[in-house]
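Here's the structure we're looking at; comments come further down.
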Amino acid sequence: MIRTKSEIDKMRKAGKVVAEIMSEVRAAIKPGVTTKALDSIAREVISRRGATSNFLNYPGARGPFPAVICASPNDMIVHGIPGSYVLKDGDIISIDCGAIVEGYHGDAAFTAPVGHVSPLATKLIEVTEKSLWAGIDQLVRGNHLYEVGREIQKVAEKAGFSVVREYVGHAIGTQMHEEPQVPNYWPGHKGPKLQVGNVFAIEPMVNVGGPETKTLSDGWSVVTQDGKLSAHFEHTIAITDSGPEVLTQIDI
Ligand code: MG
Ligand code: MG
């Protein structure tokens with residue numbers, strides 16, 4: 001899908017709200033805080049900005065998602081439901097969040113350390129974020145979409161980590177999840193050619209151990225099969241004449 005300049009302008013507004021959610025939630029992450037408290041902070045930003053949530057009531061196999069963020073600690077990859085879990089020193093926590101403004105969506109995620117974390121956890125967070133930016137660098141006119149996953153995979157595997165296959169990035173616009181999907185690995189061919197006006201949510205999920213996943217009995221929480229740590233970073237990015245524009249950064 002090619003978005004017009006005015007559509008991308010609306011996505012910039014949604015992206016700014018998402019950036020603000022990430023900034024406020026990140027600032028609140030510390031030992032002793034519940035993931036439900038982080039969700040409350042995100043709800044407050046969404047309400048203050050007159051936005052709506054694209055996460056709340058998102059349909060799932062065991063019922064709608066009950067929160068405006070996903071909060072996924074440690075070996076949880078994505079889709080954790082905020083609740084009574086209390087963050088403790090040494091945890092890592094992945095926060096995924098989004099917002100809708102004037103009918104257009106933003107979507108982003110980050111993983112943060114809680115207090116003092118292990119060197120391995122620090123490396124995982126750094127490598128996953130680096131892999132996101134390596135993917136974003138591929139979002140230029142004339143390049144091909146699956147170059148994104150090829151670069152993400154290179155960065156993750158060079159560090160000795162693995163990339164999740166079952167969950168992927170996506171185009172985004174008037175829906176949060178639009179076609180085409182964006183794998184975080186090389187699927188064997190280059191995929192569609194990128195054009196100015198394409199907008200994607202790029203979101204590597206990187207595991208310390210193997211890439212295999214399993215879903216818990218709540219129907220949402222996705223964890224690593226081997227119980228090892230996982231991290232997740234995401235931005236919403238528009239392809240412009242002058243290259244990729246990250247819409248979900250706070251400084252735009
Ligand atoms: Mg997301
Ligand atoms: Mg997404």
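Naming works like this for the structure tokens: A, B, ... for the chains as they're shown, residue 1 at the start of each chain, ligands 1 onward in shown order.
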
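All residues within range 86-157 of chain A that the backbone DSSP calculation assigns to helix (DSSP H, G or I) are Pro119, Leu120, Ala121, Thr122, Lys123, Leu124, Ile125, Glu126, Val127, Thr128, Glu129, Lys130, Ser131, Leu132, Trp133, Ala134, Gly135, Ile136, Glu147, Val148, Gly149, Arg150, Glu151, Ile152, Gln153, Lys154, Val155, Ala156 and Glu157 of chain A.
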
TODO: Name all residues at most 8 Å from Ser221 in chain A (count only C-alpha atoms; drop same-chain ones fewer than 5 positions away) and give them as a PyMOL selection string.
DONE: chain A and resi 72+76-81+215-216

TODO: Step by step, measure atom-to-atom distances between ligand 1 and each residue using only C-alpha atoms and all ligand atoms, keep those at most 10 Å, then write them as an MDAnalysis selection string.
DONE: chainID A and resid 54:55 69:70 78:79 95:98 106:110 168:170 176:177 201:203 232:236

Saved selection, atoms kept: C-alpha atoms, as an mmCIF file, in the first residue's frame:
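Resulting contents of part.cif:
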data_model
loop_
_atom_site.group_PDB
_atom_site.id
_atom_site.type_symbol
_atom_site.label_atom_id
_atom_site.label_comp_id
_atom_site.auth_asym_id
_atom_site.auth_seq_id
_atom_site.Cartn_x
_atom_site.Cartn_y
_atom_site.Cartn_z
ATOM 1 C CA ASN A 54 -5.083 -0.564 18.971
ATOM 2 C CA PHE A 55 -4.084 -3.203 21.550
ATOM 3 C CA ILE A 69 0.447 -2.536 26.220
ATOM 4 C CA CYS A 70 2.002 -5.969 26.131
ATOM 5 C CA VAL A 78 5.691 -11.091 23.096
ATOM 6 C CA HIS A 79 2.003 -10.596 23.997
ATOM 7 C CA ILE A 95 7.012 -3.453 26.268
ATOM 8 C CA ASP A 96 4.951 -3.375 23.056
ATOM 9 C CA CYS A 97 2.499 -0.515 22.572
ATOM 10 C CA GLY A 98 0.486 1.323 19.987
ATOM 11 C CA GLY A 106 1.470 3.508 15.255
ATOM 12 C CA ASP A 107 3.171 0.445 16.769
ATOM 13 C CA ALA A 108 6.501 0.121 18.595
ATOM 14 C CA ALA A 109 8.315 -1.904 21.231
ATOM 15 C CA PHE A 110 11.448 -1.929 23.341
ATOM 16 C CA VAL A 168 6.997 -11.044 12.218
ATOM 17 C CA GLY A 169 6.772 -7.380 11.293
ATOM 18 C CA HIS A 170 4.034 -5.994 9.080
ATOM 19 C CA MET A 176 -2.291 -2.212 12.797
ATOM 20 C CA HIS A 177 -1.515 -5.438 10.939
ATOM 21 C CA ALA A 201 6.387 -1.905 11.539
ATOM 22 C CA ILE A 202 9.745 -3.669 11.781
ATOM 23 C CA GLU A 203 10.067 -5.783 14.931
ATOM 24 C CA HIS A 232 11.966 -7.293 21.174
ATOM 25 C CA PHE A 233 12.399 -3.897 19.518
ATOM 26 C CA GLU A 234 10.010 -2.269 17.052
ATOM 27 C CA HIS A 235 9.460 0.991 15.213
ATOM 28 C CA THR A 236 6.935 2.201 12.648
#

Open item on the list: Using only C-alpha atoms for the distances, tell me which of A:Pro59, A:Gly160, A:Pro64, A:Gly173 is nearest to Glu7 in chain A.
Closed with: A:Gly173

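In this structure, CA of Ile237 in chain A sits 24.5 Å away from CA of Asn57 in chain A.
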
Open item on the list: Please return, as a PyMOL selection string, all residues of range 20-245 of chain A that DSSP assigns to strand (DSSP E or B) on the basis of the backbone.
Closed with: chain A and resi 34+52+69-73+76-78+86+92-101+104-113+144+162-163+169-171+178-182+193+199-202+205-207+213-215+222-224+230-232+234-240+243-245

Could those selected residues go to a file with C-alpha atoms, as a PDB file, in the first residue's frame?
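Contents of result-v9.pdb, as written:
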ATOM      1  CA  THR A  34       3.886  -4.199  38.529  1.00  0.00           C
ATOM      2  CA  THR A  52      -7.292   5.326  21.137  1.00  0.00           C
ATOM      3  CA  ILE A  69       0.447  -2.536  26.220  1.00  0.00           C
ATOM      4  CA  CYS A  70       2.002  -5.969  26.131  1.00  0.00           C
ATOM      5  CA  ALA A  71       4.483  -6.556  28.964  1.00  0.00           C
ATOM      6  CA  SER A  72       6.710  -9.600  28.469  1.00  0.00           C
ATOM      7  CA  PRO A  73       9.407 -10.322  31.080  1.00  0.00           C
ATOM      8  CA  MET A  76       8.487 -14.159  27.376  1.00  0.00           C
ATOM      9  CA  ILE A  77       8.883 -13.057  23.757  1.00  0.00           C
ATOM     10  CA  VAL A  78       5.691 -11.091  23.096  1.00  0.00           C
ATOM     11  CA  VAL A  86       6.256  -7.423  40.050  1.00  0.00           C
ATOM     12  CA  ILE A  92      14.441  -7.678  31.425  1.00  0.00           C
ATOM     13  CA  ILE A  93      11.019  -6.471  30.301  1.00  0.00           C
ATOM     14  CA  SER A  94       9.700  -6.086  26.760  1.00  0.00           C
ATOM     15  CA  ILE A  95       7.012  -3.453  26.268  1.00  0.00           C
ATOM     16  CA  ASP A  96       4.951  -3.375  23.056  1.00  0.00           C
ATOM     17  CA  CYS A  97       2.499  -0.515  22.572  1.00  0.00           C
ATOM     18  CA  GLY A  98       0.486   1.323  19.987  1.00  0.00           C
ATOM     19  CA  ALA A  99      -2.018   4.094  19.375  1.00  0.00           C
ATOM     20  CA  ILE A 100      -4.551   5.246  16.805  1.00  0.00           C
ATOM     21  CA  VAL A 101      -4.888   8.927  15.837  1.00  0.00           C
ATOM     22  CA  TYR A 104      -4.081   5.795  11.572  1.00  0.00           C
ATOM     23  CA  HIS A 105      -1.932   3.433  13.612  1.00  0.00           C
ATOM     24  CA  GLY A 106       1.470   3.508  15.255  1.00  0.00           C
ATOM     25  CA  ASP A 107       3.171   0.445  16.769  1.00  0.00           C
ATOM     26  CA  ALA A 108       6.501   0.121  18.595  1.00  0.00           C
ATOM     27  CA  ALA A 109       8.315  -1.904  21.231  1.00  0.00           C
ATOM     28  CA  PHE A 110      11.448  -1.929  23.341  1.00  0.00           C
ATOM     29  CA  THR A 111      13.163  -4.130  25.907  1.00  0.00           C
ATOM     30  CA  ALA A 112      14.620  -2.549  29.032  1.00  0.00           C
ATOM     31  CA  PRO A 113      16.750  -3.828  31.910  1.00  0.00           C
ATOM     32  CA  HIS A 144      13.360  -5.178  -1.571  1.00  0.00           C
ATOM     33  CA  SER A 162      18.508 -16.641  17.082  1.00  0.00           C
ATOM     34  CA  VAL A 163      15.531 -14.862  15.522  1.00  0.00           C
ATOM     35  CA  GLY A 169       6.772  -7.380  11.293  1.00  0.00           C
ATOM     36  CA  HIS A 170       4.034  -5.994   9.080  1.00  0.00           C
ATOM     37  CA  ALA A 171       2.774  -3.153   6.963  1.00  0.00           C
ATOM     38  CA  GLU A 178      -1.621  -5.055   7.180  1.00  0.00           C
ATOM     39  CA  GLU A 179      -0.090  -7.154   4.411  1.00  0.00           C
ATOM     40  CA  PRO A 180       2.651  -7.812   3.580  1.00  0.00           C
ATOM     41  CA  GLN A 181       4.318  -9.397   6.579  1.00  0.00           C
ATOM     42  CA  VAL A 182       7.997  -8.658   7.208  1.00  0.00           C
ATOM     43  CA  LYS A 193      10.125  -3.876  -4.217  1.00  0.00           C
ATOM     44  CA  VAL A 199       4.920   2.152   5.878  1.00  0.00           C
ATOM     45  CA  PHE A 200       6.108  -0.827   7.924  1.00  0.00           C
ATOM     46  CA  ALA A 201       6.387  -1.905  11.539  1.00  0.00           C
ATOM     47  CA  ILE A 202       9.745  -3.669  11.781  1.00  0.00           C
ATOM     48  CA  MET A 205      12.359 -10.760  18.353  1.00  0.00           C
ATOM     49  CA  VAL A 206      15.760 -12.202  19.290  1.00  0.00           C
ATOM     50  CA  ASN A 207      16.403 -15.190  21.584  1.00  0.00           C
ATOM     51  CA  THR A 213       8.209 -20.546  20.807  1.00  0.00           C
ATOM     52  CA  LYS A 214       5.206 -21.735  22.777  1.00  0.00           C
ATOM     53  CA  THR A 215       2.001 -20.012  23.847  1.00  0.00           C
ATOM     54  CA  VAL A 222       4.395 -16.335  23.957  1.00  0.00           C
ATOM     55  CA  VAL A 223       7.577 -17.669  25.602  1.00  0.00           C
ATOM     56  CA  THR A 224      10.772 -19.333  24.430  1.00  0.00           C
ATOM     57  CA  SER A 230      14.187 -12.994  24.582  1.00  0.00           C
ATOM     58  CA  ALA A 231      14.167  -9.316  23.538  1.00  0.00           C
ATOM     59  CA  HIS A 232      11.966  -7.293  21.174  1.00  0.00           C
ATOM     60  CA  GLU A 234      10.010  -2.269  17.052  1.00  0.00           C
ATOM     61  CA  HIS A 235       9.460   0.991  15.213  1.00  0.00           C
ATOM     62  CA  THR A 236       6.935   2.201  12.648  1.00  0.00           C
ATOM     63  CA  ILE A 237       8.793   3.564   9.619  1.00  0.00           C
ATOM     64  CA  ALA A 238       7.676   5.392   6.472  1.00  0.00           C
ATOM     65  CA  ILE A 239       9.722   5.214   3.268  1.00  0.00           C
ATOM     66  CA  THR A 240      10.197   8.795   2.065  1.00  0.00           C
ATOM     67  CA  GLY A 243      15.006   7.459   3.044  1.00  0.00           C
ATOM     68  CA  PRO A 244      13.404   5.801   6.069  1.00  0.00           C
ATOM     69  CA  GLU A 245      11.565   8.092   8.496  1.00  0.00           C
TER      70      GLU A 245
END

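Between CA of Glu20 in chain A and CA of Gly197 in chain A there is a distance of 23.9 Å.
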
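Distance-wise, CA of Tyr167 in chain A and CA of Asp89 in chain A end up 28.1 Å apart.
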
Task: Contact residues around Leu87 in chain A with only C-alpha atoms at 7 Å, ignoring same-chain residues under 3 positions, as a list in words - done: Lys30, Pro31, Gly32, Val33, Thr34, Asp91 and Val114 of chain A

Atoms to include: all heavy atoms. Write the selected residues as a short mmCIF file (atom, residue, chain, number, x, y, z; two decimals), in the first residue's frame.
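As a result, part-v2.cif now contains:
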data_model
loop_
_atom_site.label_atom_id
_atom_site.label_comp_id
_atom_site.auth_asym_id
_atom_site.auth_seq_id
_atom_site.Cartn_x
_atom_site.Cartn_y
_atom_site.Cartn_z
N LYS A 30 11.29 -0.11 37.06
CA LYS A 30 12.27 -0.31 38.14
C LYS A 30 11.78 -1.46 39.02
O LYS A 30 10.59 -1.84 38.95
CB LYS A 30 12.45 0.97 38.96
CG LYS A 30 11.19 1.45 39.62
CD LYS A 30 11.42 2.75 40.39
CE LYS A 30 10.12 3.17 41.04
NZ LYS A 30 10.13 4.50 41.61
N PRO A 31 12.66 -2.02 39.83
CA PRO A 31 12.22 -3.11 40.70
C PRO A 31 11.05 -2.67 41.59
O PRO A 31 11.03 -1.54 42.09
CB PRO A 31 13.48 -3.39 41.55
CG PRO A 31 14.62 -2.93 40.73
CD PRO A 31 14.10 -1.73 39.98
N GLY A 32 10.07 -3.57 41.78
CA GLY A 32 8.94 -3.29 42.66
C GLY A 32 7.69 -2.82 41.94
O GLY A 32 6.61 -2.77 42.53
N VAL A 33 7.82 -2.47 40.66
CA VAL A 33 6.67 -1.97 39.89
C VAL A 33 5.96 -3.14 39.23
O VAL A 33 6.61 -4.06 38.71
CB VAL A 33 7.15 -0.96 38.84
CG1 VAL A 33 6.03 -0.57 37.88
CG2 VAL A 33 7.72 0.28 39.51
N THR A 34 4.62 -3.14 39.23
CA THR A 34 3.89 -4.20 38.53
C THR A 34 3.73 -3.84 37.06
O THR A 34 3.74 -2.65 36.67
CB THR A 34 2.47 -4.41 39.11
OG1 THR A 34 1.71 -3.22 38.89
CG2 THR A 34 2.50 -4.75 40.59
N ASP A 91 15.69 -8.58 36.04
CA ASP A 91 14.76 -8.91 34.95
C ASP A 91 15.09 -8.08 33.71
O ASP A 91 15.68 -7.00 33.81
CB ASP A 91 13.31 -8.52 35.33
CG ASP A 91 12.63 -9.54 36.23
OD1 ASP A 91 13.17 -10.64 36.45
OD2 ASP A 91 11.52 -9.20 36.72
N VAL A 114 15.80 -4.18 34.12
CA VAL A 114 15.22 -3.75 35.40
C VAL A 114 16.36 -3.79 36.42
O VAL A 114 16.87 -4.87 36.73
CB VAL A 114 14.08 -4.69 35.83
CG1 VAL A 114 13.47 -4.20 37.15
CG2 VAL A 114 13.02 -4.80 34.74
#

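Remark: for Gln175 in chain A, the closest of the candidate residues A:Asp241, A:Ser53, A:Val68, A:Gly83 is A:Ser53 (distances computed over only C-alpha atoms).
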
Task: Closest of A:Arg43, A:Lys16, A:Lys10, A:Lys158 to Leu56 in chain A - atom-to-atom distances counting only C-alpha atoms - done: A:Arg43
